[in-house]
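Asker: Questions regarding the structure given below will be posed in turn.
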Amino acid sequence: MQTARRVLTPDAFAMLQTIADTGSFAAAARALGMVPSALTYRVRQLEDALDVLLFDRSARQAVATPAGLELLREGERLLQDIDTVANRVKRVATGWEPQFTIAVDSIIAKTTVMELCERFLEGAPPTQMRLRDETLSGTLEALTSGQADLALGVADLMQNTGLHSQPLGDVRFIFAVAPHHPLADTPEPLTDELLRAHRAVAVADTVSRGRGLTIGLLGGQDVLTVATMQDKLDAHIRGLGCGFLPESMAMAEISVGRLVVKATARTTRVVRVNYAWRASSRTPGRALQWWLDALSSQNTRAALLQRCRGV
């Protein structure tokens, strides 16, 4: 009889996942280019080696048993581990990361990010680029959880000793409403008591655990929550709510009269925005080093914080 170590191969895990995805042995055999009998034989070898039933064959569909589901979960993790080892070996050999992921906060100018990606990819590096859209503490979480290699637009580093960081710059927030919003003609400065009676527009935090951050909201205030900073700008223009916007993002709309700036009793908020990457005793990979070199330019950092409508 075959042993578990001999039969639990990457190909075997991929085969089991195909069966689970397609829902039948026949469909999986077609997808894998195998005859159904050969597929059935290989599954039986696995079941004999593990002494468990992996799929319930009593119905027309191939339904994974609890043991089968556990094997699928562990198989996926093991395949990811194999990919990680392969990527590490490739990086050691070439110095380039096989994949490089950047978490981009919604406050960052996407046009500038795309221009930087274009410059990076012009050199045809052996690195696949991936961008993640994040907001507020979700940007930092993507980095600390290992889902990103670089984070742009981190506002609160929470004294994380496992990170390196440098400032991108300061972002000034202004209170702005549409010309037809009730607050547009209200005498200034606007008090918190007055603002509490009007709906605020907030951007949802993309953090996966916990409640995330809420900035500039008042207790008891009605809130319209949107997905991105661009959505927040659009909601302000439509008069759906009020609140603070990055000055650089709102200025184009203010200049054409689509938004009106209002003074509030609150102190003007200025936020220091950073870029960050994980600390490591090893030399940074060549992809990370390219981005760090690009971000060393003051003009590049400033451009990343310049937002216009549609960007």
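Each chain in the structure tokens gets a letter, A, B, ..., in the order shown, and its residues are numbered from 1; ligands are numbered from 1 in order too.
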Quick one: residues within 7 Å of Leu168 (chain A), only C-alpha atoms, excluding same-chain residues fewer than 4 positions away - as a list in words?
Answerer: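 Using only C-alpha atoms, the neighbours found are Val273, Asn274, Tyr275 and Arg301 of chain A.
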Asker: Give me the residues within 6 Å of region 198-203 of chain A as an MDAnalysis selection string, counting only C-alpha atoms and dropping any in the same chain fewer than 3 places off.
Answerer: chainID A and resid 195 222:228 241:243
Asker: Leaving out region 63-74 of chain A and any residue of its chain fewer than 2 positions from it, which residues lie within 8 Å of it when counting only C-alpha atoms, given as a PyMOL selection string?
Answerer: chain A and resi 13+16-17+20+23+52-57+61+76-78
Asker: Restricted to all heavy atoms, what would the selected residues look like written as a short mmCIF file (atom, residue, chain, number, x, y, z; two decimals), in the first residue's frame?
Answerer:
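So the final result, stored in selection19.cif, reads:
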```
data_model
loop_
_atom_site.label_atom_id
_atom_site.label_comp_id
_atom_site.auth_asym_id
_atom_site.auth_seq_id
_atom_site.Cartn_x
_atom_site.Cartn_y
_atom_site.Cartn_z
N PHE A 13 -2.78 17.34 -4.67
CA PHE A 13 -3.58 18.41 -4.09
C PHE A 13 -4.33 19.19 -5.17
O PHE A 13 -5.50 19.55 -5.00
CB PHE A 13 -2.69 19.37 -3.28
CG PHE A 13 -2.19 18.79 -1.98
CD1 PHE A 13 -0.84 18.79 -1.68
CD2 PHE A 13 -3.08 18.24 -1.07
CE1 PHE A 13 -0.38 18.27 -0.49
CE2 PHE A 13 -2.63 17.71 0.14
CZ PHE A 13 -1.28 17.73 0.42
N LEU A 16 -7.32 17.10 -6.33
CA LEU A 16 -8.43 17.13 -5.39
C LEU A 16 -9.18 18.46 -5.45
O LEU A 16 -10.41 18.49 -5.37
CB LEU A 16 -7.91 16.88 -3.97
CG LEU A 16 -7.31 15.50 -3.70
CD1 LEU A 16 -6.72 15.45 -2.29
CD2 LEU A 16 -8.36 14.40 -3.86
N GLN A 17 -8.43 19.56 -5.61
CA GLN A 17 -9.08 20.86 -5.69
C GLN A 17 -9.92 20.97 -6.95
O GLN A 17 -11.00 21.56 -6.94
CB GLN A 17 -8.02 21.97 -5.68
CG GLN A 17 -8.61 23.37 -5.54
CD GLN A 17 -9.39 23.55 -4.26
OE1 GLN A 17 -8.85 23.37 -3.17
NE2 GLN A 17 -10.67 23.88 -4.38
N ALA A 20 -13.17 19.20 -6.33
CA ALA A 20 -14.03 20.03 -5.49
C ALA A 20 -14.62 21.20 -6.27
O ALA A 20 -15.79 21.55 -6.10
CB ALA A 20 -13.25 20.52 -4.28
N GLY A 23 -17.12 19.68 -9.03
CA GLY A 23 -18.26 19.01 -8.43
C GLY A 23 -18.50 17.59 -8.89
O GLY A 23 -19.45 16.94 -8.44
N VAL A 52 -9.04 7.12 4.93
CA VAL A 52 -10.20 7.97 5.10
C VAL A 52 -10.95 8.04 3.78
O VAL A 52 -10.41 7.72 2.72
CB VAL A 52 -9.84 9.41 5.54
CG1 VAL A 52 -9.16 9.41 6.89
CG2 VAL A 52 -8.98 10.10 4.49
N LEU A 53 -12.21 8.49 3.84
CA LEU A 53 -13.00 8.75 2.65
C LEU A 53 -12.94 10.25 2.38
O LEU A 53 -13.32 11.04 3.24
CB LEU A 53 -14.45 8.29 2.84
CG LEU A 53 -15.36 8.41 1.61
CD1 LEU A 53 -14.93 7.43 0.53
CD2 LEU A 53 -16.82 8.15 2.01
N LEU A 54 -12.47 10.62 1.20
CA LEU A 54 -12.30 12.04 0.89
C LEU A 54 -13.52 12.66 0.22
O LEU A 54 -13.78 13.85 0.39
CB LEU A 54 -11.07 12.24 -0.01
CG LEU A 54 -9.73 11.83 0.60
CD1 LEU A 54 -8.61 11.96 -0.43
CD2 LEU A 54 -9.43 12.67 1.84
N PHE A 55 -14.27 11.86 -0.57
CA PHE A 55 -15.44 12.36 -1.28
C PHE A 55 -16.61 11.40 -1.09
O PHE A 55 -16.44 10.18 -1.16
CB PHE A 55 -15.16 12.54 -2.77
CG PHE A 55 -14.22 13.66 -3.09
CD1 PHE A 55 -12.87 13.42 -3.25
CD2 PHE A 55 -14.68 14.97 -3.20
CE1 PHE A 55 -11.99 14.45 -3.54
CE2 PHE A 55 -13.81 16.01 -3.48
CZ PHE A 55 -12.46 15.75 -3.65
N ASP A 56 -17.78 11.98 -0.85
CA ASP A 56 -19.01 11.21 -0.75
C ASP A 56 -19.52 10.95 -2.16
O ASP A 56 -19.84 11.88 -2.90
CB ASP A 56 -20.04 11.99 0.06
CG ASP A 56 -21.32 11.19 0.28
OD1 ASP A 56 -21.45 10.09 -0.28
OD2 ASP A 56 -22.20 11.70 1.01
N ARG A 57 -19.55 9.70 -2.55
CA ARG A 57 -19.95 9.34 -3.90
C ARG A 57 -21.39 8.85 -3.98
O ARG A 57 -21.82 8.31 -4.99
CB ARG A 57 -19.03 8.25 -4.46
CG ARG A 57 -17.55 8.67 -4.51
CD ARG A 57 -16.69 7.45 -4.84
NE ARG A 57 -15.28 7.71 -4.99
CZ ARG A 57 -14.43 7.88 -4.00
NH1 ARG A 57 -14.87 7.86 -2.74
NH2 ARG A 57 -13.15 8.07 -4.23
N GLN A 61 -23.15 14.31 -7.44
CA GLN A 61 -22.06 15.27 -7.21
C GLN A 61 -21.00 14.66 -6.29
O GLN A 61 -21.31 13.88 -5.40
CB GLN A 61 -22.62 16.55 -6.58
CG GLN A 61 -23.58 17.32 -7.48
CD GLN A 61 -22.87 17.98 -8.64
OE1 GLN A 61 -21.81 18.57 -8.48
NE2 GLN A 61 -23.45 17.87 -9.83
N GLU A 76 -3.96 23.50 0.28
CA GLU A 76 -3.80 24.86 -0.21
C GLU A 76 -2.67 25.58 0.53
O GLU A 76 -1.85 26.28 -0.07
CB GLU A 76 -5.10 25.64 -0.05
CG GLU A 76 -5.03 27.07 -0.58
CD GLU A 76 -6.35 27.81 -0.43
OE1 GLU A 76 -7.27 27.25 0.21
OE2 GLU A 76 -6.46 28.93 -0.94
N ARG A 77 -2.61 25.36 1.85
CA ARG A 77 -1.55 25.99 2.63
C ARG A 77 -0.18 25.45 2.24
O ARG A 77 0.79 26.22 2.09
CB ARG A 77 -1.80 25.73 4.13
CG ARG A 77 -0.77 26.38 5.05
CD ARG A 77 -1.00 25.99 6.48
NE ARG A 77 -0.85 24.57 6.70
CZ ARG A 77 0.32 23.96 6.83
NH1 ARG A 77 1.45 24.67 6.75
NH2 ARG A 77 0.40 22.66 7.04
N LEU A 78 -0.09 24.14 2.02
CA LEU A 78 1.19 23.54 1.64
C LEU A 78 1.64 24.02 0.27
O LEU A 78 2.84 24.26 0.05
CB LEU A 78 1.08 22.01 1.67
CG LEU A 78 0.96 21.38 3.06
CD1 LEU A 78 0.61 19.90 2.96
CD2 LEU A 78 2.27 21.55 3.84
#
```
Asker: Please determine, counting only C-alpha atoms, which residue among A:Thr267, A:Leu79, A:Pro182, A:Trp96 has the shortest atom-to-atom distance to Thr283 (chain A).
Answerer: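 Among the listed residues, A:Trp96 lies closest to Thr283 (chain A).
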Asker: Just the residues within 12 Å of region 186-191 of chain A, please, counting only C-alpha atoms, with nothing from its chain fewer than 5 positions along; format it as JSON, numbers by chain.
Answerer: {"A": [175, 176, 177, 179, 180, 181, 196, 197, 198, 218, 242, 243, 260, 261, 262, 263, 264, 265, 266, 267, 268]}
Asker: Using only C-alpha atoms, pick whichever of A:Leu121, A:Leu240, A:Leu150, A:Ala49 has the shortest atom-to-atom distance to Pro284 (chain A).
Answerer: A:Leu150
Asker: Based on the backbone DSSP call, show me all residues of region 89-222 of chain A assigned strand (DSSP E or B), as a PyMOL selection string.
Answerer: chain A and resi 99-105+128-134+150-154+163-177+190+200-203
Asker: Would you return as a count of residues only the members of region 25-163 of chain A that DSSP assigns to helix (DSSP H, G or I) on this structure's backbone?
Answerer: 73
Asker: For CA of Val89 (chain A) and CA of Ser280 (chain A), quote the distance in Å rounded to one decimal.
Answerer: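 For CA of Val89 (chain A) relative to CA of Ser280 (chain A), the distance reads 16.9 Å.
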Asker: Could you jot down the CA of Ala279 (chain A) to CA of Ser165 (chain A) separation for me, Å, one decimal place?
Answerer: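 Pair CA of Ala279 (chain A) / CA of Ser165 (chain A) returns 9.2 Å.
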Asker: Could you state the separation of CA of Gln2 (chain A) and CA of Gly33 (chain A) in Å, given to one decimal place?
Answerer: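 Going from CA of Gln2 (chain A) over to CA of Gly33 (chain A) covers 23.9 Å.
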Asker: Just the residues within 10 Å of Ile107 (chain A), please, counting only C-alpha atoms, with nothing from its chain fewer than 3 positions along; format it as a ChimeraX atom specification.
Answerer: /A:104,110,134-136,152-154,171,228-230,245-246,248-249,273,304-307
Asker: Calculated over only C-alpha atoms, which of the candidates A:Arg286, A:Ala155, A:Leu8, A:Thr112 has the smallest distance to Gly138 (chain A)?
Answerer: A:Ala155
Asker: Would you list the contacts of Gln298 (chain A) as a PyMOL selection string, taking every protein, DNA or RNA residue within 12 Å and counting only C-alpha atoms, but skipping same-chain residues closer than 4 positions in sequence?
Answerer: chain A and resi 166-169+292-294+302-305
